[in-house]
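> What follows is run_2.txt; its format and atoms are compact mmCIF, C-alpha atoms and all ligand atoms.
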```txt
# COMPACT_ATOMS: atom_id res chain seq x y z
CA MET Y 272 -48.88 5.03 139.28
CA GLU Y 273 -48.53 4.10 135.65
CA LEU Y 274 -48.89 0.84 133.80
CA ILE Y 275 -45.74 0.33 131.75
CA ASP Y 276 -45.15 -2.95 129.93
CA GLY Y 277 -47.73 -4.68 132.08
CA LYS Y 278 -46.18 -3.44 135.32
CA TYR Y 279 -47.51 -0.79 137.67
CA SER Y 280 -44.81 1.62 138.72
CA VAL Y 281 -44.13 4.99 140.30
CA GLN Y 282 -41.22 7.03 138.96
CA GLY Y 283 -40.03 3.93 137.11
CA ILE Y 284 -40.01 1.82 140.28
CA GLU Y 285 -42.23 -1.22 140.13
CA LEU Y 286 -44.72 -1.28 142.97
CA ALA Y 287 -44.35 -5.08 143.16
CA SER Y 288 -40.66 -4.61 143.90
CA VAL Y 289 -41.47 -2.11 146.66
CA ALA Y 290 -43.79 -4.70 148.20
CA GLN Y 291 -41.08 -7.30 147.90
CA MET Y 292 -38.48 -5.06 149.50
CA PHE Y 293 -40.55 -3.82 152.41
CA GLY Y 294 -43.26 -6.45 152.72
CA THR Y 295 -47.02 -5.88 152.84
CA PRO Y 296 -49.06 -4.07 153.84
CA VAL Y 297 -47.06 -0.96 153.02
CA TYR Y 298 -47.88 2.70 152.43
CA VAL Y 299 -46.09 4.12 149.39
CA TYR Y 300 -45.92 7.86 148.60
CA ASP Y 301 -44.98 9.44 145.29
CA GLY Y 302 -42.91 12.50 146.19
CA ASN Y 303 -43.22 13.90 142.67
CA LYS Y 304 -46.98 13.95 142.91
CA ILE Y 305 -46.85 15.78 146.25
CA VAL Y 306 -44.51 18.44 144.89
CA SER Y 307 -46.52 18.82 141.68
CA GLN Y 308 -49.74 19.34 143.66
CA LEU Y 309 -47.96 22.04 145.66
CA GLN Y 310 -46.85 23.65 142.42
CA ASN Y 311 -50.40 23.41 140.97
CA LEU Y 312 -51.70 25.28 143.96
CA LYS Y 313 -49.07 27.99 143.61
CA ASN Y 314 -49.90 28.34 139.91
CA ALA Y 315 -53.64 28.42 140.51
CA PHE Y 316 -53.27 31.16 143.12
CA SER Y 317 -50.55 33.12 141.35
CA GLU Y 318 -52.79 36.21 141.52
CA ASN Y 319 -52.72 36.07 145.31
CA PRO Y 320 -50.05 36.81 147.93
CA LEU Y 321 -50.30 33.15 148.88
CA LYS Y 322 -48.88 31.18 151.79
CA ILE Y 323 -49.52 27.44 151.84
CA LYS Y 324 -49.73 25.71 155.21
CA PHE Y 325 -49.74 21.93 154.90
CA ALA Y 326 -52.31 20.38 157.25
CA VAL Y 327 -50.03 17.90 158.99
CA LYS Y 328 -52.89 15.82 160.32
CA ALA Y 329 -53.50 14.44 156.81
CA LEU Y 330 -50.07 12.79 156.66
CA SER Y 331 -47.84 13.39 159.63
CA ASN Y 332 -44.68 11.58 158.62
CA VAL Y 333 -41.81 14.03 159.22
CA SER Y 334 -40.12 13.15 155.92
CA ILE Y 335 -43.24 14.26 154.06
CA VAL Y 336 -43.39 17.45 156.13
CA LYS Y 337 -39.72 18.00 155.29
CA LEU Y 338 -40.31 17.46 151.57
CA LEU Y 339 -43.18 19.94 151.50
CA HIS Y 340 -41.28 22.43 153.62
CA GLN Y 341 -38.26 22.22 151.31
CA HIS Y 342 -40.60 23.22 148.50
CA GLY Y 343 -41.98 26.24 150.28
CA ALA Y 344 -44.93 25.04 152.37
CA GLY Y 345 -45.50 26.09 155.96
CA ILE Y 346 -47.47 24.01 158.42
CA ASP Y 347 -50.99 23.89 159.79
CA ALA Y 348 -50.94 22.13 163.15
CA VAL Y 349 -54.04 21.16 165.09
CA SER Y 350 -52.12 19.90 168.10
CA ILE Y 351 -49.02 21.04 169.93
CA ASN Y 352 -47.36 17.75 169.03
CA GLU Y 353 -47.87 18.32 165.31
CA ALA Y 354 -46.18 21.69 165.78
CA LYS Y 355 -43.30 20.04 167.64
CA LEU Y 356 -42.87 17.44 164.87
CA ALA Y 357 -42.53 20.28 162.37
CA LEU Y 358 -40.16 22.31 164.56
CA GLY Y 359 -38.05 19.17 164.94
CA ILE Y 360 -37.27 19.06 161.23
CA GLY Y 361 -36.44 22.75 161.06
CA VAL Y 362 -39.72 24.48 160.20
CA LYS Y 363 -39.60 28.03 161.56
CA ASN Y 364 -42.07 28.75 164.36
CA SER Y 365 -43.50 31.70 162.45
CA ASP Y 366 -44.36 29.34 159.56
CA ILE Y 367 -46.54 27.19 161.80
CA ASN Y 368 -50.21 28.02 162.06
CA TYR Y 369 -51.52 26.45 165.24
CA THR Y 370 -55.29 25.93 165.33
CA PRO Y 371 -56.20 23.64 168.22
CA ASN Y 372 -59.78 22.90 169.19
CA CYS Y 373 -61.06 22.38 172.74
CA VAL Y 374 -57.56 22.02 174.18
CA ASP Y 375 -56.58 23.11 177.66
CA PHE Y 376 -55.23 26.66 177.92
CA SER Y 377 -51.82 25.25 178.86
CA GLU Y 378 -51.49 23.96 175.27
CA ILE Y 379 -52.17 27.47 173.99
CA GLU Y 380 -49.52 28.81 176.36
CA GLU Y 381 -47.09 26.23 174.97
CA GLY Y 382 -47.86 27.47 171.46
CA VAL Y 383 -46.99 31.02 172.57
CA GLU Y 384 -43.79 29.85 174.26
CA LEU Y 385 -42.79 28.13 171.02
CA GLY Y 386 -43.56 31.31 169.07
CA LEU Y 387 -46.24 29.77 166.83
CA CYS Y 388 -49.02 31.64 165.05
CA VAL Y 389 -51.80 30.93 167.48
CA ASN Y 390 -55.34 30.74 166.19
CA LEU Y 391 -58.12 30.76 168.79
CA ASP Y 392 -61.51 29.21 168.26
CA ASN Y 393 -63.60 30.01 171.32
CA LEU Y 394 -64.45 32.95 173.54
CA SER Y 395 -63.27 31.32 176.74
CA MET Y 396 -59.71 30.88 175.40
CA LEU Y 397 -59.79 34.37 173.92
CA GLU Y 398 -60.57 35.79 177.33
CA LYS Y 399 -57.82 33.75 179.01
CA PHE Y 400 -55.44 34.75 176.23
CA GLY Y 401 -56.31 38.42 176.67
CA LYS Y 402 -55.87 38.26 180.43
CA LYS Y 403 -52.47 36.63 180.15
CA TYR Y 404 -50.93 38.30 177.11
CA GLY Y 405 -52.88 41.53 176.52
CA SER Y 406 -51.25 43.22 173.55
CA ASN Y 407 -47.95 41.34 174.02
CA TYR Y 408 -48.72 38.42 171.69
CA PRO Y 409 -51.01 38.49 168.66
CA CYS Y 410 -53.55 35.83 167.84
CA GLY Y 411 -55.71 34.81 164.93
CA LEU Y 412 -59.40 34.04 165.22
CA ARG Y 413 -61.10 30.98 163.80
CA LEU Y 414 -64.64 31.97 162.92
CA ASN Y 415 -67.68 29.88 162.19
CA PRO Y 416 -69.54 31.35 159.22
CA HIS Y 417 -72.55 29.04 159.52
CA ILE Y 418 -72.20 27.56 156.08
CA MET Y 419 -73.00 23.92 155.51
CA ALA Y 420 -70.28 22.78 153.17
CA GLY Y 421 -68.33 19.68 152.34
CA GLY Y 422 -68.87 16.07 151.47
CA ASN Y 423 -71.01 15.11 154.45
CA TYR Y 424 -72.00 16.07 157.98
CA LYS Y 425 -69.03 14.33 159.63
CA ILE Y 426 -66.48 16.29 157.64
CA SER Y 427 -68.27 19.62 157.60
CA THR Y 428 -67.00 21.97 160.28
CA GLY Y 429 -68.55 25.33 159.53
CA HIS Y 430 -72.28 24.69 160.02
CA SER Y 431 -74.22 26.12 162.93
CA ASN Y 432 -74.04 23.01 165.11
CA SER Y 433 -70.33 22.53 164.57
CA LYS Y 434 -67.96 22.68 167.52
CA PHE Y 435 -65.43 24.64 165.49
CA GLY Y 436 -64.78 28.34 165.45
CA ILE Y 437 -66.35 31.37 167.06
CA SER Y 438 -69.78 32.07 165.63
CA ILE Y 439 -69.90 35.21 163.54
CA TYR Y 440 -73.02 36.05 165.56
CA GLN Y 441 -70.76 36.33 168.61
CA LEU Y 442 -68.59 39.04 167.08
CA PRO Y 443 -69.88 41.62 169.58
CA ASP Y 444 -68.47 39.44 172.38
CA VAL Y 445 -65.21 39.12 170.48
CA MET Y 446 -64.97 42.90 170.16
CA ARG Y 447 -65.72 43.38 173.86
CA LEU Y 448 -62.84 41.06 174.83
CA ILE Y 449 -60.48 42.62 172.33
CA ASN Y 450 -61.18 46.10 173.66
CA GLN Y 451 -61.03 45.03 177.28
CA TYR Y 452 -57.64 43.29 176.99
CA LYS Y 453 -56.15 45.20 174.01
CA ILE Y 454 -55.82 41.90 172.13
CA VAL Y 455 -54.01 42.18 168.79
CA VAL Y 456 -55.74 40.08 166.13
CA ASN Y 457 -53.36 39.34 163.27
CA GLY Y 458 -55.48 36.98 161.21
CA LEU Y 459 -58.99 35.83 160.44
CA HIS Y 460 -59.58 32.19 159.67
CA ILE Y 461 -62.39 30.01 158.41
CA HIS Y 462 -62.15 26.30 157.68
CA THR Y 463 -65.54 24.92 156.81
CA GLY Y 464 -64.79 21.26 156.22
CA SER Y 465 -63.46 18.79 153.75
CA GLU Y 466 -64.33 17.95 150.15
CA ILE Y 467 -65.93 21.21 149.07
CA THR Y 468 -66.36 21.28 145.31
CA GLU Y 469 -68.19 24.55 144.82
CA THR Y 470 -65.86 27.49 144.26
CA ASP Y 471 -68.66 29.74 145.46
CA VAL Y 472 -68.44 28.40 149.01
CA PHE Y 473 -64.85 29.59 149.31
CA LEU Y 474 -65.69 32.94 147.73
CA LYS Y 475 -68.60 33.37 150.11
CA MET Y 476 -66.37 32.60 153.09
CA ALA Y 477 -63.78 35.04 151.86
CA GLU Y 478 -66.45 37.72 151.45
CA ILE Y 479 -67.58 37.15 155.03
CA LEU Y 480 -64.02 37.65 156.26
CA PHE Y 481 -63.49 40.69 154.03
CA GLY Y 482 -66.72 42.12 155.37
CA ILE Y 483 -65.68 42.04 159.00
CA ALA Y 484 -61.97 42.71 158.49
CA SER Y 485 -62.33 46.46 158.91
CA ASP Y 486 -63.05 45.85 162.62
CA PHE Y 487 -59.56 44.36 162.96
CA PRO Y 488 -56.92 46.95 162.05
CA SER Y 489 -53.84 44.78 162.75
CA LEU Y 490 -54.48 41.94 160.32
CA GLN Y 491 -51.58 40.31 158.50
CA PHE Y 492 -53.44 37.43 156.90
CA ILE Y 493 -56.76 36.04 155.82
CA ASP Y 494 -56.91 32.26 156.04
CA ILE Y 495 -59.57 30.47 154.01
CA GLY Y 496 -58.68 27.05 155.41
CA SER Y 497 -59.03 24.14 153.09
CA GLY Y 498 -61.43 21.42 152.03
CA PHE Y 499 -60.18 21.33 148.46
CA LYS Y 500 -61.51 18.15 146.91
CA VAL Y 501 -59.53 15.78 144.74
CA ALA Y 502 -60.80 12.90 142.62
CA TYR Y 503 -61.20 9.51 144.28
CA LYS Y 504 -62.59 7.93 141.15
CA GLU Y 505 -63.06 8.70 137.51
CA GLY Y 506 -65.64 11.38 136.92
CA ASP Y 507 -65.54 12.75 140.49
CA HIS Y 508 -66.23 16.44 140.92
CA VAL Y 509 -63.17 18.26 142.19
CA THR Y 510 -62.54 21.81 143.34
CA ASN Y 511 -61.53 23.85 140.31
CA MET Y 512 -58.46 25.46 141.82
CA TYR Y 513 -57.68 27.70 138.84
CA ASP Y 514 -61.20 29.09 138.80
CA LEU Y 515 -61.02 29.64 142.55
CA GLY Y 516 -57.56 31.21 142.43
CA LEU Y 517 -58.59 33.62 139.71
CA LYS Y 518 -61.86 34.72 141.31
CA LEU Y 519 -60.38 34.93 144.76
CA GLY Y 520 -57.42 36.89 143.44
CA LYS Y 521 -59.82 39.47 142.06
CA SER Y 522 -61.96 39.87 145.15
CA PHE Y 523 -58.89 39.82 147.38
CA LYS Y 524 -57.35 42.71 145.46
CA GLU Y 525 -60.52 44.74 145.76
CA PHE Y 526 -60.60 43.91 149.44
CA TYR Y 527 -57.14 45.03 150.35
CA HIS Y 528 -57.53 48.27 148.49
CA ARG Y 529 -60.49 48.90 150.76
CA TYR Y 530 -58.65 47.63 153.82
CA GLY Y 531 -55.68 49.87 153.12
CA LYS Y 532 -52.84 47.39 153.11
CA GLN Y 533 -51.87 44.15 151.44
CA LEU Y 534 -52.57 41.05 153.49
CA GLU Y 535 -51.36 37.51 152.94
CA LEU Y 536 -53.82 34.87 151.81
CA TRP Y 537 -53.32 31.59 153.64
CA VAL Y 538 -54.64 28.17 152.63
CA GLU Y 539 -54.26 24.96 154.63
CA PRO Y 540 -54.56 21.99 152.29
CA GLY Y 541 -54.07 18.44 153.50
CA LYS Y 542 -55.93 16.17 151.13
CA TYR Y 543 -55.14 18.24 148.03
CA LEU Y 544 -51.40 17.88 148.53
CA VAL Y 545 -51.05 14.26 149.56
CA SER Y 546 -54.17 12.17 148.90
CA GLU Y 547 -53.44 11.07 145.34
CA ALA Y 548 -49.74 10.56 146.07
CA GLY Y 549 -50.39 7.62 148.39
CA TYR Y 550 -51.00 3.92 147.78
CA LEU Y 551 -51.65 1.23 150.32
CA LEU Y 552 -50.27 -2.02 148.91
CA VAL Y 553 -51.86 -5.13 150.35
CA ASN Y 554 -51.51 -8.85 149.77
CA VAL Y 555 -54.49 -11.06 149.06
CA ASN Y 556 -54.48 -13.74 151.76
CA VAL Y 557 -57.63 -15.53 150.75
CA VAL Y 558 -60.20 -15.57 147.98
CA LYS Y 559 -63.47 -16.65 149.51
CA PRO Y 560 -66.49 -17.21 147.30
CA THR Y 561 -69.81 -17.44 149.12
CA PRO Y 562 -73.24 -18.04 147.56
CA SER Y 563 -73.72 -14.27 147.24
CA VAL Y 564 -70.33 -12.51 147.23
CA THR Y 565 -66.72 -13.28 146.43
CA PHE Y 566 -64.49 -11.83 149.09
CA ALA Y 567 -60.87 -10.92 148.57
CA GLY Y 568 -59.40 -10.99 152.08
CA VAL Y 569 -56.28 -8.84 152.37
CA ASP Y 570 -53.58 -8.37 155.01
CA SER Y 571 -54.83 -4.94 156.11
CA GLY Y 572 -58.15 -3.38 157.07
CA LEU Y 573 -59.77 -0.54 158.94
CA ASN Y 574 -56.83 -0.55 161.33
CA HIS Y 575 -54.71 0.85 158.49
CA LEU Y 576 -57.26 2.69 156.38
CA ILE Y 577 -60.38 3.65 158.27
CA ARG Y 578 -61.93 6.04 155.74
CA PRO Y 579 -64.11 3.46 153.94
CA MET Y 580 -65.72 2.28 157.20
CA MET Y 581 -65.75 5.68 158.92
CA TYR Y 582 -66.89 7.95 156.11
CA ASP Y 583 -68.15 5.51 153.48
CA ALA Y 584 -65.24 6.81 151.46
CA TYR Y 585 -64.62 5.27 148.07
CA HIS Y 586 -61.01 4.27 147.45
CA GLU Y 587 -60.26 2.80 144.06
CA ILE Y 588 -58.60 -0.62 144.19
CA VAL Y 589 -56.41 -2.09 141.46
CA ASN Y 590 -55.07 -5.62 141.15
CA ILE Y 591 -51.51 -4.74 140.21
CA SER Y 592 -50.50 -8.39 139.88
CA ASN Y 593 -52.91 -9.18 137.08
CA PRO Y 594 -53.41 -6.11 134.87
CA THR Y 595 -54.85 -8.07 131.96
CA GLY Y 596 -56.91 -10.69 133.82
CA SER Y 597 -60.61 -10.95 133.06
CA GLN Y 598 -62.74 -8.80 135.33
CA LYS Y 599 -64.93 -10.13 138.10
CA ILE Y 600 -66.78 -8.63 141.03
CA TYR Y 601 -65.16 -8.76 144.48
CA THR Y 602 -65.69 -7.30 147.89
CA VAL Y 603 -62.29 -6.46 149.33
CA VAL Y 604 -62.15 -6.93 153.09
CA GLY Y 605 -59.50 -6.82 155.79
CA THR Y 606 -58.55 -9.07 158.67
CA ILE Y 607 -60.19 -7.09 161.47
CA CYS Y 608 -62.91 -8.77 163.51
CA GLU Y 609 -65.59 -6.28 162.57
CA THR Y 610 -67.30 -5.55 159.32
CA ASP Y 611 -64.12 -4.42 157.65
CA THR Y 612 -64.82 -3.54 154.05
CA LEU Y 613 -62.24 -1.64 152.04
CA GLY Y 614 -64.28 -1.75 148.85
CA ALA Y 615 -67.63 -3.44 148.12
CA ASP Y 616 -68.68 -4.92 144.78
CA ARG Y 617 -65.59 -3.86 142.86
CA LYS Y 618 -64.82 -4.93 139.37
CA LEU Y 619 -61.22 -6.16 139.54
CA ASN Y 620 -58.98 -8.11 137.23
CA GLU Y 621 -59.22 -11.68 138.44
CA VAL Y 622 -57.88 -11.84 141.98
CA ARG Y 623 -55.82 -14.82 143.05
CA GLU Y 624 -54.36 -15.56 146.45
CA GLY Y 625 -50.95 -13.89 146.67
CA ASP Y 626 -51.88 -11.03 144.33
CA LEU Y 627 -51.01 -7.47 145.26
CA LEU Y 628 -53.75 -4.89 145.35
CA ALA Y 629 -53.10 -1.14 145.38
CA ILE Y 630 -55.61 0.99 147.26
CA LYS Y 631 -55.51 4.50 145.85
CA ASN Y 632 -55.83 7.96 147.43
CA ALA Y 633 -54.23 6.57 150.55
CA GLY Y 634 -51.95 9.54 151.13
CA ALA Y 635 -54.36 11.66 153.18
CA TYR Y 636 -55.94 10.41 156.40
CA GLY Y 637 -54.56 6.93 155.78
CA TYR Y 638 -51.57 6.22 157.98
CA SER Y 639 -52.29 9.23 160.17
CA MET Y 640 -55.59 7.62 161.25
CA ALA Y 641 -54.19 4.09 161.53
CA SER Y 642 -54.34 2.19 164.80
CA ASN Y 643 -53.20 -1.01 166.47
CA TYR Y 644 -56.72 -2.38 166.71
CA ASN Y 645 -56.75 -6.18 166.95
CA SER Y 646 -53.14 -5.85 168.14
CA ARG Y 647 -51.86 -5.55 164.62
CA PHE Y 648 -48.76 -3.66 163.59
CA ARG Y 649 -49.03 -0.45 161.68
CA PRO Y 650 -47.38 -0.77 158.25
CA PRO Y 651 -44.15 0.83 157.09
CA GLU Y 652 -44.18 3.99 154.98
CA VAL Y 653 -42.02 4.36 151.88
CA LEU Y 654 -41.33 7.57 149.98
CA ILE Y 655 -40.36 7.42 146.33
CA TRP Y 656 -38.33 10.51 145.51
CA LYS Y 657 -35.99 11.16 142.63
CA GLY Y 658 -36.40 7.58 141.46
CA GLN Y 659 -35.29 6.09 144.79
CA THR Y 660 -37.19 4.38 147.57
CA HIS Y 661 -36.78 5.70 151.10
CA LEU Y 662 -38.09 3.84 154.12
CA ILE Y 663 -39.56 6.71 156.15
CA ARG Y 664 -41.22 4.65 158.86
CA LYS Y 665 -40.50 1.08 159.90
CA ARG Y 666 -43.10 -1.58 160.34
CA GLU Y 667 -44.05 -1.98 163.97
CA THR Y 668 -43.06 -5.02 166.01
CA LEU Y 669 -44.40 -6.74 169.10
CA ASP Y 670 -42.19 -4.43 171.19
CA ASP Y 671 -44.19 -1.47 169.88
CA LEU Y 672 -47.43 -3.09 171.01
CA LEU Y 673 -46.00 -3.76 174.45
CA ARG Y 674 -44.26 -0.40 174.88
CA ASN Y 675 -45.81 1.44 177.82
CA GLN Y 676 -47.85 -1.54 178.90
CA VAL Y 677 -47.21 -2.55 182.47
CA VAL Y 678 -47.94 -6.08 183.69
CA ALA Y 679 -49.63 -5.48 187.02
CA GLU Y 680 -48.08 -7.04 190.14
CA ILE Y 681 -51.17 -9.05 190.96
C1 LIG G 701 -58.15 19.15 158.56
C2 LIG G 701 -57.86 20.58 158.43
C3 LIG G 701 -57.37 21.10 157.22
C4 LIG G 701 -57.14 20.25 155.99
O1 LIG G 701 -58.29 19.79 155.39
P1 LIG G 701 -58.22 18.98 153.99
O2 LIG G 701 -59.61 18.68 153.66
O3 LIG G 701 -57.39 17.76 154.22
O4 LIG G 701 -57.56 19.85 153.00
C5 LIG G 701 -57.09 22.45 157.19
N1 LIG G 701 -57.28 23.25 158.26
C6 LIG G 701 -57.74 22.78 159.43
C7 LIG G 701 -57.93 23.71 160.58
C8 LIG G 701 -58.05 21.44 159.56
O5 LIG G 701 -58.53 20.99 160.72
```
The structure in this file should be written as structure tokens.


Amino acid sequence: MELIDGKYSVQGIELASVAQMFGTPVYVYDGNKIVSQLQNLKNAFSENPLKIKFAVKALSNVSIVKLLHQHGAGIDAVSINEAKLALGIGVKNSDINYTPNCVDFSEIEEGVELGLCVNLDNLSMLEKFGKKYGSNYPCGLRLNPHIMAGGNYKISTGHSNSKFGISIYQLPDVMRLINQYKIVVNGLHIHTGSEITETDVFLKMAEILFGIASDFPSLQFIDIGSGFKVAYKEGDHVTNMYDLGLKLGKSFKEFYHRYGKQLELWVEPGKYLVSEAGYLLVNVNVVKPTPSVTFAGVDSGLNHLIRPMMYDAYHEIVNISNPTGSQKIYTVVGTICETDTLGADRKLNEVREGDLLAIKNAGAYGYSMASNYNSRFRPPEVLIWKGQTHLIRKRETLDDLLRNQVVAEI
């Protein structure tokens, strides 16, 4: 968003007018930012035979999936339903990378029936897969490289105690199953977590995959997952995508000369593509000074944006109703009957009841992790694209809360 003539706007549309049109709280997405992030990624990796698979779990609104798909992104689905959402808006099955974790084998079978790229992450499923499909359907392998990477323990997925992936120390077992059932492995995959800033981690992961690739003669792709970090506040370290693209391009070239054929390089960004494009607009219901803190109580909370409470994530907050007001310290909290802090001790332009606050970086893991906790409605989602607002999800109503509930005959 930009501040023009004292008004915060996206693509020339005032955020205050979006709030007026659709009410608050409301999720607003800047389509231009999403498409420009996609383009940045393509530019940064121009040295690589790149395929981008958008991690749908970050923002699973089908209009966003459609926008990204129209601009050349495939899909990374972690559940069969995410894959079905993508298929429903015309994404080709072969463009969907399906990497479920700890699901029942029947959900893997469904992935095969739908013709998805199936990526397996444990030996038990690999054995079942081999028994059922033999060499008739290829699969990728999600490996665990035993690297501790990422912002914190909760979002790191590639360390030795992580539930994700097949340990690289279990490769002998993998080879035994492959030989026994003539399994065709078409891709190797590592996703070590979120918010990884060091380029070296990705290069190290790639080297691990390159190192074992010669045992898998039928590969079509190497998938280095994601975890690309974006800025949540000024001065944040971010993943240097150009540096990564360049270095990876070089080692990838060396690798496929050794391997004997050109493979595709897959990445699966969620946060990188959509985080900064999203804003959660909230209304200040109450300003509540106490002897120690001044609270700004807003019409949202951890039911709509759980990252601050779940991960201690920092989301910048801006008072868009009072851009020039004198600054004071506030703790911004929601309505939920729990400790429900969206931002503690923030310096904001004076907050008055009825002001609109914009919570930034709300595009990734915002709406997609929202709930009905405290029997509250989930907010609407609005996409701004080509200077127009599009309502891409309606606000819920009481009917939505009651749907599927059955009053017992008691
Ligand atoms: C969550 C996830 C991603 C996306 O991670 P970001 O940090 O949002 O980029 C990619 N691949 C897999 C398998 C995931 O589970």

> Find the spatial neighbours of segment 647-660 of chain Y, counting all atoms listed in the file, within a cut-off of 9 Å - ignore same-chain residues fewer than 3 positions away - and output them as a ChimeraX atom specification.

/Y:281-284,289,293-303,332,334-335,571,574-575,638,641-644,663-669,671-672

> With all atoms listed in the file as the atoms that count, which of Y:Ala635, Y:Val589, Y:Val509, Y:Ile454 lies nearest to ligand LIG 701 (chain G)?

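Checking each of Y:Ala635, Y:Val589, Y:Val509, Y:Ile454 against ligand LIG 701 (chain G), counting all atoms listed in the file, the winner is Y:Ala635.
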
> With distances taken over only C-alpha atoms and all ligand atoms, which of Y:Glu547, Y:Asp471, Y:Glu539, Y:Asp375 is nearest to ligand LIG 701 (chain G)?

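Distance minimum relative to ligand LIG 701 (chain G) lands on Y:Glu539.
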
> In Å to one decimal, how far is atom CA of Ile275 of chain Y from atom CA of Ile600 of chain Y?

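Value for the atom CA of Ile600 of chain Y-atom CA of Ile275 of chain Y distance: 24.7 Å.
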
> Could you list, with a cut-off of 10 Å and counting all atoms listed in the file, the residues of chain Y near ligand LIG 701 (chain G), each shown with its nearest atom pair and the distance in Å rounded to one decimal, rows sorted by chain and ascending number, as a tab-separated table?


```
residue	atom	partner	partner_atom	distance
Y:Lys324	CA	G:LIG701	C5	8.3
Y:Phe325	CA	G:LIG701	C4	7.7
Y:Ala326	CA	G:LIG701	C4	5.0
Y:Val327	CA	G:LIG701	C4	8.1
Y:Lys328	CA	G:LIG701	C1	6.5
Y:Ala329	CA	G:LIG701	O3	5.7
Y:Leu330	CA	G:LIG701	O3	9.2
Y:Ile346	CA	G:LIG701	C5	9.8
Y:Asp347	CA	G:LIG701	N1	6.5
Y:Ala348	CA	G:LIG701	C7	7.6
Y:Val349	CA	G:LIG701	O5	6.3
Y:Ser350	CA	G:LIG701	O5	9.8
Y:Asn368	CA	G:LIG701	C7	9.0
Y:Tyr369	CA	G:LIG701	C7	8.4
Y:Thr370	CA	G:LIG701	C7	5.9
Y:Pro371	CA	G:LIG701	C7	7.8
Y:Asn372	CA	G:LIG701	O5	8.8
Y:Asn390	CA	G:LIG701	C7	9.4
Y:Arg413	CA	G:LIG701	C7	8.6
Y:Gly421	CA	G:LIG701	O2	8.9
Y:Gly422	CA	G:LIG701	O2	9.9
Y:Ile426	CA	G:LIG701	O2	8.3
Y:Ser427	CA	G:LIG701	O2	9.6
Y:Thr428	CA	G:LIG701	O5	8.5
Y:Phe435	CA	G:LIG701	C7	9.0
Y:Gly436	CA	G:LIG701	C7	9.6
Y:His460	CA	G:LIG701	C7	8.7
Y:Ile461	CA	G:LIG701	C7	8.0
Y:His462	CA	G:LIG701	C7	5.7
Y:Thr463	CA	G:LIG701	C6	8.5
Y:Gly464	CA	G:LIG701	O2	6.3
Y:Ser465	CA	G:LIG701	O2	3.9
Y:Glu466	CA	G:LIG701	O2	5.9
Y:Ile467	CA	G:LIG701	O2	8.2
Y:Asp494	CA	G:LIG701	N1	9.3
Y:Ile495	CA	G:LIG701	N1	8.7
Y:Gly496	CA	G:LIG701	N1	5.0
Y:Ser497	CA	G:LIG701	O4	4.5
Y:Gly498	CA	G:LIG701	O2	3.7
Y:Phe499	CA	G:LIG701	O4	5.4
Y:Lys500	CA	G:LIG701	O2	7.0
Y:Val501	CA	G:LIG701	O2	9.4
Y:Val538	CA	G:LIG701	C5	7.7
Y:Glu539	CA	G:LIG701	C5	4.6
Y:Pro540	CA	G:LIG701	O4	3.8
Y:Gly541	CA	G:LIG701	O3	3.5
Y:Lys542	CA	G:LIG701	O3	3.8
Y:Tyr543	CA	G:LIG701	O4	5.8
Y:Leu544	CA	G:LIG701	O4	7.9
Y:Val545	CA	G:LIG701	O3	8.6
Y:Ser546	CA	G:LIG701	O3	8.4
Y:Ala635	CA	G:LIG701	O3	6.9
Y:Tyr636	CA	G:LIG701	O3	7.8
```

> Write out as a list in words which residues come within 6 Å of Gln491 of chain Y when counting all atoms listed in the file, dropping same-chain ones fewer than 4 positions away.

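Using all atoms listed in the file, the neighbours found are Asn457, Gly458 and Leu534 of chain Y.
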
> One decimal, in Å: what's the spacing between atom CA of Gln308 of chain Y and atom CA of Lys521 of chain Y?

22.6 Å

> Using all atoms listed in the file, pick whichever of Y:Lys278, Y:His586, Y:Lys434, Y:Lys518 has the shortest atom-to-atom distance to Leu613 of chain Y.

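Counting all atoms listed in the file, the residue closest to Leu613 of chain Y is Y:His586.
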
> Skip Cys608 of chain Y itself and residues of its chain fewer than 4 positions away, then list as JSON, numbers by chain all residues within 10 Å of it, counting all atoms listed in the file.

{"Y": [572, 573, 644, 645]}
